[in-house]
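**Q** File input_8.cif below, mmCIF, C-alpha atoms:
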data_start
#
loop_
_atom_site.label_atom_id
_atom_site.label_comp_id
_atom_site.auth_asym_id
_atom_site.auth_seq_id
_atom_site.Cartn_x
_atom_site.Cartn_y
_atom_site.Cartn_z
CA MET A 1 142.16 -23.58 -98.08
CA THR A 2 139.55 -20.93 -98.71
CA LEU A 3 140.11 -18.05 -101.14
CA THR A 4 140.78 -15.78 -98.17
CA ASP A 5 143.38 -18.19 -96.79
CA LYS A 6 145.11 -18.35 -100.15
CA LYS A 7 145.17 -14.56 -100.33
CA TYR A 8 146.77 -14.33 -96.89
CA PHE A 9 149.27 -17.05 -97.85
CA THR A 10 150.60 -14.99 -100.78
CA PHE A 11 151.01 -11.81 -98.68
CA PRO A 12 154.87 -12.03 -98.42
CA GLY A 13 155.02 -12.48 -102.18
CA GLU A 14 152.79 -9.45 -102.65
CA LEU A 15 155.28 -7.43 -100.59
CA LEU A 16 158.09 -8.50 -102.94
CA LEU A 17 156.14 -7.36 -106.00
CA ARG A 18 155.33 -4.04 -104.36
CA MET A 19 158.99 -3.45 -103.51
CA LEU A 20 160.04 -4.16 -107.09
CA GLN A 21 157.28 -1.90 -108.46
CA CYS A 22 158.44 0.90 -106.16
CA LEU A 23 162.09 0.71 -107.26
CA ILE A 24 161.81 -0.11 -110.95
CA LEU A 25 160.79 3.38 -112.10
CA PRO A 26 163.76 5.28 -110.56
CA LEU A 27 166.04 2.45 -111.71
CA ILE A 28 164.95 2.66 -115.35
CA THR A 29 164.91 6.47 -115.59
CA SER A 30 168.29 6.96 -113.92
CA SER A 31 169.86 4.14 -115.98
CA VAL A 32 168.66 5.54 -119.30
CA ILE A 33 169.71 9.12 -118.53
CA THR A 34 173.08 8.10 -117.08
CA GLY A 35 173.85 5.70 -119.90
CA LEU A 36 172.96 8.01 -122.80
CA SER A 37 174.70 11.02 -121.28
CA SER A 38 177.87 8.97 -120.72
CA VAL A 39 177.83 7.63 -124.30
CA LYS A 40 178.14 11.15 -125.66
CA SER A 41 180.65 12.37 -123.09
CA ARG A 42 182.88 9.29 -123.07
CA THR A 43 183.03 8.29 -126.73
CA PRO A 44 184.83 10.86 -128.90
CA GLY A 45 185.06 10.64 -132.65
CA ARG A 46 182.86 8.15 -134.48
CA LEU A 47 182.95 5.53 -131.73
CA GLY A 48 179.70 6.69 -130.13
CA PRO A 49 177.51 6.83 -133.26
CA TRP A 50 178.69 3.47 -134.56
CA ALA A 51 178.24 1.82 -131.17
CA LEU A 52 174.74 3.25 -130.73
CA CYS A 53 173.80 2.15 -134.25
CA TYR A 54 175.00 -1.42 -133.71
CA PHE A 55 173.54 -1.99 -130.26
CA ALA A 56 170.20 -0.34 -131.08
CA THR A 57 169.89 -2.55 -134.17
CA THR A 58 170.76 -5.78 -132.37
CA SER A 59 168.44 -4.98 -129.44
CA VAL A 60 165.48 -4.41 -131.75
CA ILE A 61 166.28 -7.57 -133.73
CA ALA A 62 166.53 -9.60 -130.49
CA VAL A 63 163.10 -8.46 -129.30
CA LEU A 64 161.51 -9.06 -132.69
CA THR A 65 163.09 -12.52 -132.84
CA GLY A 66 161.63 -13.41 -129.46
CA ILE A 67 158.18 -12.10 -130.37
CA VAL A 68 158.05 -13.99 -133.67
CA ILE A 69 159.16 -17.26 -132.05
CA VAL A 70 156.74 -17.07 -129.11
CA VAL A 71 153.86 -16.22 -131.45
CA LEU A 72 154.72 -19.17 -133.69
CA ILE A 73 155.31 -21.73 -130.93
CA GLN A 74 152.63 -20.35 -128.55
CA PRO A 75 153.98 -22.09 -125.43
CA GLY A 76 151.22 -20.73 -123.18
CA ARG A 77 148.21 -21.77 -125.25
CA THR A 78 145.93 -24.44 -123.77
CA PRO A 79 142.43 -25.66 -124.61
CA ARG A 80 141.16 -24.01 -121.45
CA VAL A 81 142.16 -21.12 -119.21
CA THR A 82 144.56 -22.24 -116.46
CA ALA A 83 143.96 -19.19 -114.28
CA ALA A 84 141.67 -16.22 -114.25
CA PRO A 85 143.22 -12.86 -115.11
CA SER A 86 143.40 -10.65 -112.04
CA SER A 87 143.13 -7.51 -114.16
CA GLY A 88 139.56 -8.24 -115.25
CA GLU A 89 138.04 -8.48 -118.70
CA ARG A 90 139.84 -6.68 -121.50
CA LYS A 91 137.85 -5.10 -124.30
CA PRO A 92 139.29 -4.65 -127.79
CA MET A 93 139.61 -1.21 -129.37
CA PRO A 94 140.10 -0.09 -133.00
CA THR A 95 143.67 -0.52 -134.27
CA VAL A 96 143.94 3.11 -135.44
CA ASP A 97 143.01 4.47 -132.01
CA ALA A 98 145.36 1.99 -130.35
CA PHE A 99 148.35 3.25 -132.38
CA LEU A 100 147.34 6.89 -131.90
CA ASP A 101 147.21 6.28 -128.15
CA LEU A 102 150.67 4.74 -128.40
CA ILE A 103 152.02 7.95 -129.98
CA ARG A 104 150.13 10.17 -127.53
CA ASN A 105 151.61 8.28 -124.57
CA MET A 106 155.11 8.87 -125.95
CA PHE A 107 154.55 12.62 -125.44
CA PRO A 108 152.75 13.01 -122.09
CA SER A 109 151.25 16.37 -121.29
CA ASN A 110 152.20 16.03 -117.63
CA VAL A 111 155.32 14.23 -116.40
CA VAL A 112 153.91 13.74 -112.89
CA THR A 113 150.69 12.07 -114.03
CA ALA A 114 152.73 9.93 -116.44
CA CYS A 115 154.09 8.13 -113.38
CA PHE A 116 150.67 6.65 -112.60
CA GLU A 117 148.36 7.29 -115.56
CA GLN A 118 148.21 6.44 -119.28
CA TYR A 119 146.18 8.01 -122.05
CA LYS A 120 143.56 5.73 -123.56
CA THR A 121 140.79 6.65 -125.95
CA ALA A 122 137.27 6.30 -124.61
CA TYR A 123 134.04 6.35 -126.61
CA SER A 124 130.88 8.32 -126.08
CA LYS A 125 127.90 9.58 -128.06
CA ASN A 126 128.79 13.09 -126.87
CA ALA A 127 132.19 13.79 -128.47
CA THR A 128 132.42 17.29 -126.96
CA VAL A 129 133.06 15.99 -123.46
CA GLU A 130 136.74 16.29 -122.53
CA GLY A 131 138.73 14.77 -119.73
CA ILE A 132 136.27 11.90 -119.20
CA TYR A 133 137.82 8.71 -117.86
CA LEU A 134 137.50 5.31 -119.45
CA THR A 135 135.28 3.99 -116.67
CA GLN A 136 132.71 6.72 -117.40
CA ALA A 137 132.06 5.64 -120.99
CA THR A 138 131.40 2.37 -122.75
CA GLU A 139 133.66 1.41 -125.64
CA SER A 140 132.04 0.87 -129.00
CA ASN A 141 133.03 1.38 -132.62
CA ASN A 142 129.75 3.24 -133.18
CA LYS A 143 130.64 6.01 -130.74
CA ALA A 144 132.99 8.96 -131.19
CA PRO A 145 136.43 8.77 -129.54
CA ILE A 146 137.10 11.14 -126.66
CA PRO A 147 140.11 11.63 -124.34
CA GLY A 148 140.34 9.07 -121.56
CA ALA A 149 142.84 7.65 -119.07
CA ILE A 150 143.60 4.43 -117.26
CA SER A 151 145.76 3.79 -114.22
CA GLY A 152 149.29 2.52 -114.78
CA VAL A 153 152.78 3.89 -115.42
CA ASN A 154 153.14 5.61 -118.80
CA ILE A 155 156.51 4.03 -119.38
CA LEU A 156 156.69 5.10 -123.05
CA GLY A 157 156.36 8.77 -122.16
CA LEU A 158 158.90 8.55 -119.37
CA ILE A 159 161.35 6.67 -121.58
CA THR A 160 161.01 9.25 -124.36
CA LEU A 161 161.68 12.05 -121.88
CA CYS A 162 164.66 10.23 -120.35
CA ILE A 163 166.22 9.54 -123.76
CA ALA A 164 165.92 13.19 -124.77
CA PHE A 165 167.18 14.31 -121.36
CA GLY A 166 170.19 11.98 -121.49
CA LEU A 167 171.20 13.04 -125.01
CA VAL A 168 170.95 16.72 -124.08
CA LEU A 169 173.02 16.20 -120.91
CA GLY A 170 175.69 14.45 -122.97
CA ARG A 171 175.97 17.43 -125.31
CA MET A 172 176.19 19.94 -122.46
CA GLU A 173 179.63 18.58 -121.46
CA ASP A 174 180.87 20.37 -118.30
CA ASP A 175 177.66 22.38 -117.85
CA GLY A 176 175.67 19.16 -117.51
CA LYS A 177 178.06 17.48 -115.09
CA PRO A 178 176.06 18.30 -111.89
CA LEU A 179 172.92 16.67 -113.28
CA ARG A 180 174.89 13.72 -114.68
CA ASP A 181 176.43 13.18 -111.25
CA PHE A 182 172.98 13.40 -109.65
CA PHE A 183 171.45 10.75 -111.87
CA LYS A 184 174.54 8.56 -111.56
CA CYS A 185 174.27 8.75 -107.77
CA LEU A 186 170.52 8.06 -107.96
CA ASN A 187 171.18 5.01 -110.11
CA GLN A 188 173.79 3.65 -107.72
CA ALA A 189 171.55 4.23 -104.68
CA THR A 190 168.64 2.50 -106.42
CA MET A 191 170.87 -0.44 -107.30
CA HIS A 192 171.77 -0.82 -103.62
CA LEU A 193 168.09 -0.80 -102.69
CA ILE A 194 167.39 -3.39 -105.41
CA SER A 195 170.14 -5.55 -103.91
CA VAL A 196 168.42 -5.34 -100.52
CA ALA A 197 165.10 -6.33 -102.11
CA ILE A 198 166.80 -9.25 -103.88
CA TRP A 199 167.69 -10.70 -100.47
CA PHE A 200 163.96 -10.99 -99.76
CA THR A 201 163.38 -12.72 -103.11
CA PRO A 202 163.65 -16.35 -101.86
CA VAL A 203 160.95 -15.76 -99.24
CA GLY A 204 158.70 -13.78 -101.56
CA ILE A 205 159.06 -16.26 -104.42
CA PHE A 206 158.27 -19.19 -102.11
CA PHE A 207 154.90 -17.73 -101.17
CA LEU A 208 154.16 -16.46 -104.67
CA VAL A 209 154.80 -19.84 -106.27
CA GLY A 210 152.99 -21.61 -103.47
CA GLY A 211 149.96 -19.38 -103.91
CA GLN A 212 149.89 -20.01 -107.65
CA ILE A 213 150.11 -23.78 -107.09
CA LEU A 214 147.11 -23.59 -104.77
CA ILE A 215 144.90 -21.99 -107.43
CA ILE A 216 146.10 -24.09 -110.41
CA ASN A 217 143.60 -26.71 -111.51
CA ASP A 218 145.81 -28.50 -114.05
CA VAL A 219 149.37 -28.79 -112.73
CA GLY A 220 150.40 -31.09 -115.59
CA GLY A 221 149.19 -28.60 -118.19
CA VAL A 222 151.17 -25.79 -116.56
CA GLY A 223 154.23 -28.05 -116.49
CA ARG A 224 153.95 -28.63 -120.23
CA GLN A 225 153.55 -24.90 -120.80
CA LEU A 226 156.69 -24.22 -118.76
CA VAL A 227 158.72 -26.74 -120.76
CA MET A 228 157.57 -25.17 -124.02
CA TYR A 229 158.41 -21.71 -122.66
CA PHE A 230 161.90 -22.93 -121.75
CA VAL A 231 162.40 -24.29 -125.25
CA THR A 232 161.05 -21.08 -126.82
CA VAL A 233 163.51 -18.85 -124.95
CA ILE A 234 166.45 -21.14 -125.76
CA VAL A 235 165.54 -21.20 -129.45
CA GLY A 236 165.29 -17.40 -129.51
CA LEU A 237 168.64 -16.94 -127.76
CA ALA A 238 170.30 -19.48 -130.04
CA ILE A 239 169.01 -17.80 -133.21
CA HIS A 240 170.14 -14.37 -132.00
CA SER A 241 173.56 -15.54 -130.76
CA LEU A 242 174.48 -18.06 -133.45
CA VAL A 243 172.72 -16.66 -136.52
CA THR A 244 171.84 -12.97 -136.32
CA ILE A 245 174.95 -11.60 -134.62
CA PRO A 246 177.44 -13.67 -136.71
CA ILE A 247 175.69 -12.54 -139.89
CA ILE A 248 176.08 -8.89 -138.85
CA TYR A 249 179.75 -9.55 -138.06
CA ILE A 250 180.36 -11.20 -141.45
CA VAL A 251 178.55 -8.49 -143.40
CA VAL A 252 180.44 -5.64 -141.74
CA THR A 253 183.93 -7.07 -141.26
CA ARG A 254 184.10 -9.83 -143.94
CA LYS A 255 185.79 -12.07 -141.35
CA ASN A 256 185.13 -15.52 -139.93
CA PRO A 257 183.15 -15.21 -136.66
CA LEU A 258 184.47 -18.58 -135.41
CA ARG A 259 187.83 -16.98 -134.64
CA LEU A 260 186.11 -14.38 -132.50
CA PHE A 261 184.05 -17.02 -130.66
CA VAL A 262 187.18 -19.03 -129.91
CA GLY A 263 188.89 -15.90 -128.60
CA ILE A 264 186.15 -15.16 -126.06
CA VAL A 265 185.60 -18.71 -124.77
CA ASN A 266 186.88 -17.76 -121.31
CA ALA A 267 184.46 -14.85 -121.13
CA LEU A 268 181.55 -17.07 -122.19
CA THR A 269 182.30 -19.68 -119.53
CA THR A 270 182.61 -16.95 -116.90
CA ALA A 271 179.26 -15.50 -117.99
CA LEU A 272 177.64 -18.94 -117.77
CA GLY A 273 178.93 -19.40 -114.24
CA THR A 274 178.30 -15.93 -112.80
CA SER A 275 175.15 -14.94 -114.77
CA SER A 276 176.40 -11.33 -114.70
CA SER A 277 177.82 -9.44 -117.66
CA LEU A 278 179.33 -6.83 -115.33
CA VAL A 279 181.23 -9.44 -113.33
CA THR A 280 182.41 -10.95 -116.63
CA LEU A 281 183.55 -7.54 -117.92
CA PRO A 282 187.27 -7.78 -116.92
CA VAL A 283 187.53 -11.24 -118.51
CA THR A 284 185.84 -10.01 -121.69
CA ILE A 285 188.22 -7.06 -121.97
CA ARG A 286 191.24 -9.31 -121.52
CA CYS A 287 190.01 -11.79 -124.14
CA LEU A 288 189.37 -9.08 -126.73
CA GLU A 289 192.70 -7.33 -126.15
CA ASP A 290 194.98 -10.35 -125.69
CA ASN A 291 193.38 -12.98 -127.92
CA LEU A 292 191.89 -10.81 -130.68
CA ASN A 293 194.32 -7.85 -130.52
CA LEU A 294 191.60 -5.20 -130.39
CA ASP A 295 192.62 -1.66 -129.49
CA GLN A 296 192.03 -0.89 -125.82
CA ARG A 297 190.86 2.60 -126.79
CA VAL A 298 187.80 0.82 -128.16
CA THR A 299 187.37 -2.05 -125.71
CA ARG A 300 187.71 0.06 -122.56
CA VAL A 301 185.27 2.68 -123.79
CA ILE A 302 182.57 0.58 -125.44
CA LEU A 303 182.47 -2.54 -123.26
CA PRO A 304 181.69 -0.88 -119.88
CA ILE A 305 178.82 1.02 -121.49
CA SER A 306 177.47 -1.90 -123.50
CA SER A 307 177.62 -4.26 -120.50
CA ALA A 308 175.24 -1.98 -118.62
CA LEU A 309 173.07 -0.70 -121.44
CA THR A 310 172.72 -3.40 -124.10
CA LEU A 311 171.27 -6.63 -122.77
CA GLU A 312 169.77 -8.24 -125.87
CA GLY A 313 169.29 -11.59 -124.16
CA THR A 314 167.35 -9.97 -121.35
CA ALA A 315 165.22 -7.94 -123.76
CA LEU A 316 164.36 -11.08 -125.75
CA TYR A 317 163.51 -12.97 -122.56
CA GLU A 318 161.24 -10.22 -121.24
CA ALA A 319 159.31 -9.97 -124.51
CA VAL A 320 158.82 -13.75 -124.64
CA ALA A 321 157.85 -13.90 -120.95
CA ALA A 322 155.24 -11.16 -121.31
CA ILE A 323 153.54 -12.79 -124.30
CA PHE A 324 153.80 -16.22 -122.65
CA ILE A 325 152.04 -14.94 -119.54
CA ALA A 326 149.37 -13.31 -121.70
CA GLN A 327 148.82 -16.66 -123.41
CA ILE A 328 148.51 -18.42 -120.05
CA TYR A 329 145.80 -15.98 -118.94
CA SER A 330 144.16 -16.14 -122.39
CA VAL A 331 144.65 -12.40 -122.84
CA HIS A 332 144.62 -11.23 -126.46
CA LEU A 333 147.32 -8.66 -127.27
CA ASP A 334 146.66 -6.36 -130.20
CA ALA A 335 149.32 -4.90 -132.49
CA ALA A 336 149.73 -1.73 -130.43
CA GLU A 337 150.33 -3.72 -127.25
CA ILE A 338 152.91 -5.86 -129.05
CA VAL A 339 154.70 -2.64 -130.01
CA ILE A 340 154.53 -1.46 -126.41
CA ILE A 341 156.03 -4.75 -125.22
CA SER A 342 158.82 -4.45 -127.81
CA ILE A 343 159.77 -0.91 -126.80
CA THR A 344 159.40 -1.52 -123.08
CA ALA A 345 161.40 -4.76 -123.14
CA THR A 346 164.21 -3.09 -125.09
CA VAL A 347 164.49 -0.18 -122.66
CA ALA A 348 163.69 -2.13 -119.49
CA ALA A 349 166.67 -4.36 -120.19
CA ILE A 350 168.84 -1.30 -119.53
CA GLY A 351 167.65 -1.27 -115.93
CA GLY A 352 168.86 -4.84 -115.42
CA ALA A 353 172.39 -3.40 -115.35
CA GLY A 354 173.98 -6.83 -115.79
CA ILE A 355 173.07 -8.03 -112.29
CA PRO A 356 171.97 -11.61 -111.60
CA ASN A 357 168.16 -11.96 -111.83
CA GLY A 358 167.99 -8.42 -113.19
CA GLY A 359 165.72 -9.65 -115.98
CA MET A 360 163.18 -10.92 -113.47
CA VAL A 361 163.18 -7.54 -111.72
CA THR A 362 162.59 -5.49 -114.87
CA ALA A 363 160.07 -7.99 -116.30
CA THR A 364 157.51 -6.56 -113.88
CA LEU A 365 157.70 -3.27 -115.79
CA VAL A 366 157.00 -5.00 -119.12
CA LEU A 367 153.98 -6.78 -117.66
CA SER A 368 152.52 -3.63 -116.14
CA SER A 369 153.00 -1.68 -119.39
CA VAL A 370 150.20 -3.71 -121.04
CA GLY A 371 148.15 -4.40 -117.92
CA LEU A 372 149.15 -8.05 -117.41
CA PRO A 373 148.96 -9.44 -113.84
CA LEU A 374 152.31 -9.21 -112.07
CA GLU A 375 151.76 -12.51 -110.27
CA GLY A 376 152.14 -14.16 -113.67
CA ILE A 377 155.90 -13.82 -113.27
CA THR A 378 155.73 -16.76 -110.85
CA TYR A 379 155.13 -19.08 -113.81
CA VAL A 380 158.61 -18.43 -115.22
CA ILE A 381 160.58 -18.23 -111.98
CA ALA A 382 161.13 -22.00 -111.85
CA VAL A 383 163.44 -21.98 -114.90
CA ASP A 384 164.74 -18.42 -114.61
CA TRP A 385 167.97 -19.42 -112.87
CA ILE A 386 169.29 -21.31 -115.91
CA LEU A 387 167.79 -18.96 -118.50
CA ASP A 388 169.50 -16.09 -116.70
CA ARG A 389 172.89 -17.69 -117.41
CA LEU A 390 172.05 -18.28 -121.06
CA ARG A 391 170.88 -14.68 -121.42
CA THR A 392 174.17 -13.48 -119.97
CA VAL A 393 176.11 -15.55 -122.51
CA THR A 394 174.05 -13.94 -125.28
CA ASN A 395 174.79 -10.48 -123.85
CA VAL A 396 178.54 -11.14 -123.73
CA ILE A 397 178.54 -12.46 -127.32
CA SER A 398 176.70 -9.38 -128.57
CA ASP A 399 178.97 -7.00 -126.62
CA SER A 400 182.11 -8.68 -127.95
CA VAL A 401 180.92 -8.69 -131.55
CA GLY A 402 179.82 -5.06 -131.16
CA VAL A 403 183.29 -4.02 -130.04
CA ALA A 404 184.85 -5.91 -132.95
CA VAL A 405 182.45 -4.27 -135.42
CA VAL A 406 183.07 -0.77 -134.05
CA HIS A 407 186.83 -1.42 -134.06
CA HIS A 408 186.64 -2.42 -137.73
CA LEU A 409 184.56 0.65 -138.69
CA CYS A 410 186.87 3.03 -136.81
CA ARG A 411 190.17 1.44 -137.88
CA SER A 412 191.12 4.37 -140.13
CA GLU A 413 190.62 6.84 -137.30
CA LEU A 414 192.62 4.65 -134.92
CA GLU A 415 195.47 4.39 -137.42
CA ALA A 416 195.44 8.16 -137.90
CA CYS A 417 195.90 8.60 -134.18
CA GLY A 418 198.84 6.19 -134.20
CA PRO A 419 199.72 3.43 -131.72
CA ILE A 420 198.32 3.93 -128.26
CA GLU A 421 201.78 4.24 -126.65
CA GLN A 422 202.71 7.03 -129.04
CA HIS A 423 199.36 8.70 -128.49
CA LEU A 424 199.82 8.70 -124.71
CA VAL A 425 203.29 10.29 -125.02
CA GLU A 426 201.92 13.00 -127.29
CA GLU A 427 199.08 13.67 -124.85
CA ASP A 428 201.56 14.27 -122.03
CA LYS A 429 203.29 16.91 -124.17
CA GLU A 430 200.06 18.69 -125.11
CA SER A 431 198.76 21.68 -123.23
CA PRO A 432 195.34 21.43 -121.54
CA SER A 433 193.83 23.67 -124.22
CA THR A 434 194.83 21.32 -127.04
CA ARG A 435 193.77 18.04 -125.47
CA GLY A 436 190.27 18.25 -126.89
CA SER A 437 191.33 16.82 -130.24
CA ASN A 438 189.19 14.56 -132.36
CA CYS A 439 191.56 11.59 -132.02
CA LEU A 440 190.53 8.71 -129.78
CA SER A 441 192.19 9.01 -126.38
CA ASN A 442 192.69 6.49 -123.61
CA ASP A 443 191.56 8.85 -120.83
CA ASP A 444 188.30 6.92 -120.52
#
So, in terms of structure tokens, how does the structure I just supplied come out?
**A**
Amino acid sequence: MTLTDKKYFTFPGELLLRMLQCLILPLITSSVITGLSSVKSRTPGRLGPWALCYFATTSVIAVLTGIVIVVLIQPGRTPRVTAAPSSGERKPMPTVDAFLDLIRNMFPSNVVTACFEQYKTAYSKNATVEGIYLTQATESNNKAPIPGAISGVNILGLITLCIAFGLVLGRMEDDGKPLRDFFKCLNQATMHLISVAIWFTPVGIFFLVGGQILIINDVGGVGRQLVMYFVTVIVGLAIHSLVTIPIIYIVVTRKNPLRLFVGIVNALTTALGTSSSLVTLPVTIRCLEDNLNLDQRVTRVILPISSALTLEGTALYEAVAAIFIAQIYSVHLDAAEIVIISITATVAAIGGAGIPNGGMVTATLVLSSVGLPLEGITYVIAVDWILDRLRTVTNVISDSVGVAVVHHLCRSELEACGPIEQHLVEEDKESPSTRGSNCLSNDD
């Protein structure tokens, strides 16, 4: 087949990538705003702060674990380049300017342009020129930095805005309800559209993978890379699930984590079979309440939110996949780009919303955040079906331990409110004006 024939062959796969690119931005923004606003409005007392603290910490640790392991193992490194990067040659830039650009992109001057443009320092002998684009100046350490821009979604700026927007909406209570309902409806509509696009996935993936096979010169080398990638992800998930999270549980609660793992065995097997933390949610709630005797005022508030917002396994997978694909294309990632991958993978996991193959959908955002070719995702599709199940197990473990940790930290407040049956009787006797107490209620 000629190069033109190969390009035509991958056309259905290109349509799949374009559909995912079109839907991922509204999915991420609506998920972040809806999730953060609901955390504030649905978690009274100290439940919200402790939950946010735990899940933010574990998400960051998961991403860092994945990055360290993939850098050490380097599953995508080969003596020669297996495929040519479609994004062209990448030129290095000074580390200071790279980090300054990272901070600048977190605070975009224009929200509209942030949807398709990123700030990037350019270099010119005439430092007084403003607004010049990167393609109009050559990069060199001997030239003065000037403002520049490159095409691509400024995901850091949009995420920063969405986080601030969601936190403010949560504090507005009833005044912010119309906007909260709007973003919740937008999120649900986008999820339905994603589900429609997922139906086209088998066809799109067939032509994407087929097109990549046609241009691969060393199939055996790519096979070895894929095996090493599979091992890398499993090692990362195992370390996070069996080492990091149990250590956090032991340090906070001073209890044996084996008892907790035994109590949620049914939830773990359900997660392995369904590959969806949302589908596993009812089983997880039942295991925590019946087997571990956790208060339902904690489980039924924290678990629904954490199942949709905190997907540490997915975040770890996306970070590893992005660096693996960069290694395959022999693309060097500097420190600033590693930071971008870390932040984007952590937040993009929110958009997965616990759906099967959600990690594959949001991985396109992580790749585009550092300019990696989206067709590189075809290299990891072959083993994604089993890794998706293992990621879900990791998510369920983290959610369960998080609920147990928050329950332990809030035990004094729960005891002050009394047993839940007594609390519900007292609520029925209260007037509407006195129901806004600080005690944990079961309304949510």
**Q** Do you have, as a Markdown table, the list of residues of region 304-386 of chain A lying at most 10 Å from region 240-249 of chain A, each with its nearest atom pair and that distance in Å to one decimal, counting only C-alpha atoms and ordered by chain then number?
**A**
| residue | atom | partner | partner_atom | distance |
| --- | --- | --- | --- | --- |
| A:Glu312 | CA | A:His240 | CA | 8.7 |
| A:Gly313 | CA | A:His240 | CA | 8.4 |
| A:Leu316 | CA | A:His240 | CA | 9.1 |
**Q** Can you list, as a PyMOL selection string, the residues that the PyMOL selection byres ((chain A and resi 387) around 10) selects here?
**A** chain A and resi 230+233-234+237+272+275+313-314+317+357+359+380-386+388-393
**Q** Let me make sure I understand: among A:Ile215, A:Leu167, A:Ile250, A:Cys22, which one has the smallest atom-to-atom distance to His408 (chain A) if we use only C-alpha atoms?
**A** A:Ile250
**Q** Which one is closest to Asn293 (chain A): A:Ile205, A:His407, A:Ala335, A:Leu72? Count only C-alpha atoms.
**A**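 Among A:Ile205, A:His407, A:Ala335, A:Leu72, it is A:His407 that comes nearest to Asn293 (chain A).
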**Q** Find the residues around Ser151 (chain A) up to 7 Å (all atoms listed in the file counted), leave out those fewer than 2 positions away in its own chain, and share them as a VMD selection string.
**A** chain A and resid 116 to 118 149
**Q** Find the residues around Val396 (chain A) up to 8 Å (all atoms listed in the file counted), leave out those fewer than 2 positions away in its own chain, and share them as a PyMOL selection string.
**A** chain A and resi 267-268+271+277+284+307+392-394+398-400
**Q** Starting from the shown file, work through the PyMOL selection byres ((chain A and resi 371) around 12) and note down what comes out as a short mmCIF file (atom, residue, chain, number, x, y, z; two decimals) with C-alpha atoms, in the coordinates of the input.
**A**
data_model
loop_
_atom_site.label_atom_id
_atom_site.label_comp_id
_atom_site.auth_asym_id
_atom_site.auth_seq_id
_atom_site.Cartn_x
_atom_site.Cartn_y
_atom_site.Cartn_z
CA PRO A 85 143.22 -12.86 -115.11
CA SER A 86 143.40 -10.65 -112.04
CA SER A 87 143.13 -7.51 -114.16
CA GLY A 88 139.56 -8.24 -115.25
CA GLU A 89 138.04 -8.48 -118.70
CA ARG A 90 139.84 -6.68 -121.50
CA GLU A 117 148.36 7.29 -115.56
CA GLN A 118 148.21 6.44 -119.28
CA ILE A 150 143.60 4.43 -117.26
CA SER A 151 145.76 3.79 -114.22
CA GLY A 152 149.29 2.52 -114.78
CA VAL A 153 152.78 3.89 -115.42
CA ASN A 154 153.14 5.61 -118.80
CA ILE A 155 156.51 4.03 -119.38
CA ALA A 322 155.24 -11.16 -121.31
CA ILE A 323 153.54 -12.79 -124.30
CA ILE A 325 152.04 -14.94 -119.54
CA ALA A 326 149.37 -13.31 -121.70
CA TYR A 329 145.80 -15.98 -118.94
CA VAL A 331 144.65 -12.40 -122.84
CA HIS A 332 144.62 -11.23 -126.46
CA LEU A 333 147.32 -8.66 -127.27
CA GLU A 337 150.33 -3.72 -127.25
CA ILE A 340 154.53 -1.46 -126.41
CA ILE A 341 156.03 -4.75 -125.22
CA THR A 364 157.51 -6.56 -113.88
CA LEU A 365 157.70 -3.27 -115.79
CA VAL A 366 157.00 -5.00 -119.12
CA LEU A 367 153.98 -6.78 -117.66
CA SER A 368 152.52 -3.63 -116.14
CA SER A 369 153.00 -1.68 -119.39
CA VAL A 370 150.20 -3.71 -121.04
CA LEU A 372 149.15 -8.05 -117.41
CA PRO A 373 148.96 -9.44 -113.84
CA LEU A 374 152.31 -9.21 -112.07
CA GLU A 375 151.76 -12.51 -110.27
CA GLY A 376 152.14 -14.16 -113.67
#
**Q** Would you please work out which residue, of A:Leu186, A:Ile159, A:Leu100, A:Met172, is nearest to Pro147 (chain A) when using only C-alpha atoms?
**A** A:Leu100
**Q** Given the choices A:Ala349, A:Leu156, A:Leu169, A:Ile198, which gets closest to Ile103 (chain A) if the distance is worked out from only C-alpha atoms?
**A**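 Once distances to Ile103 (chain A) are computed over only C-alpha atoms, the minimum belongs to A:Leu156.
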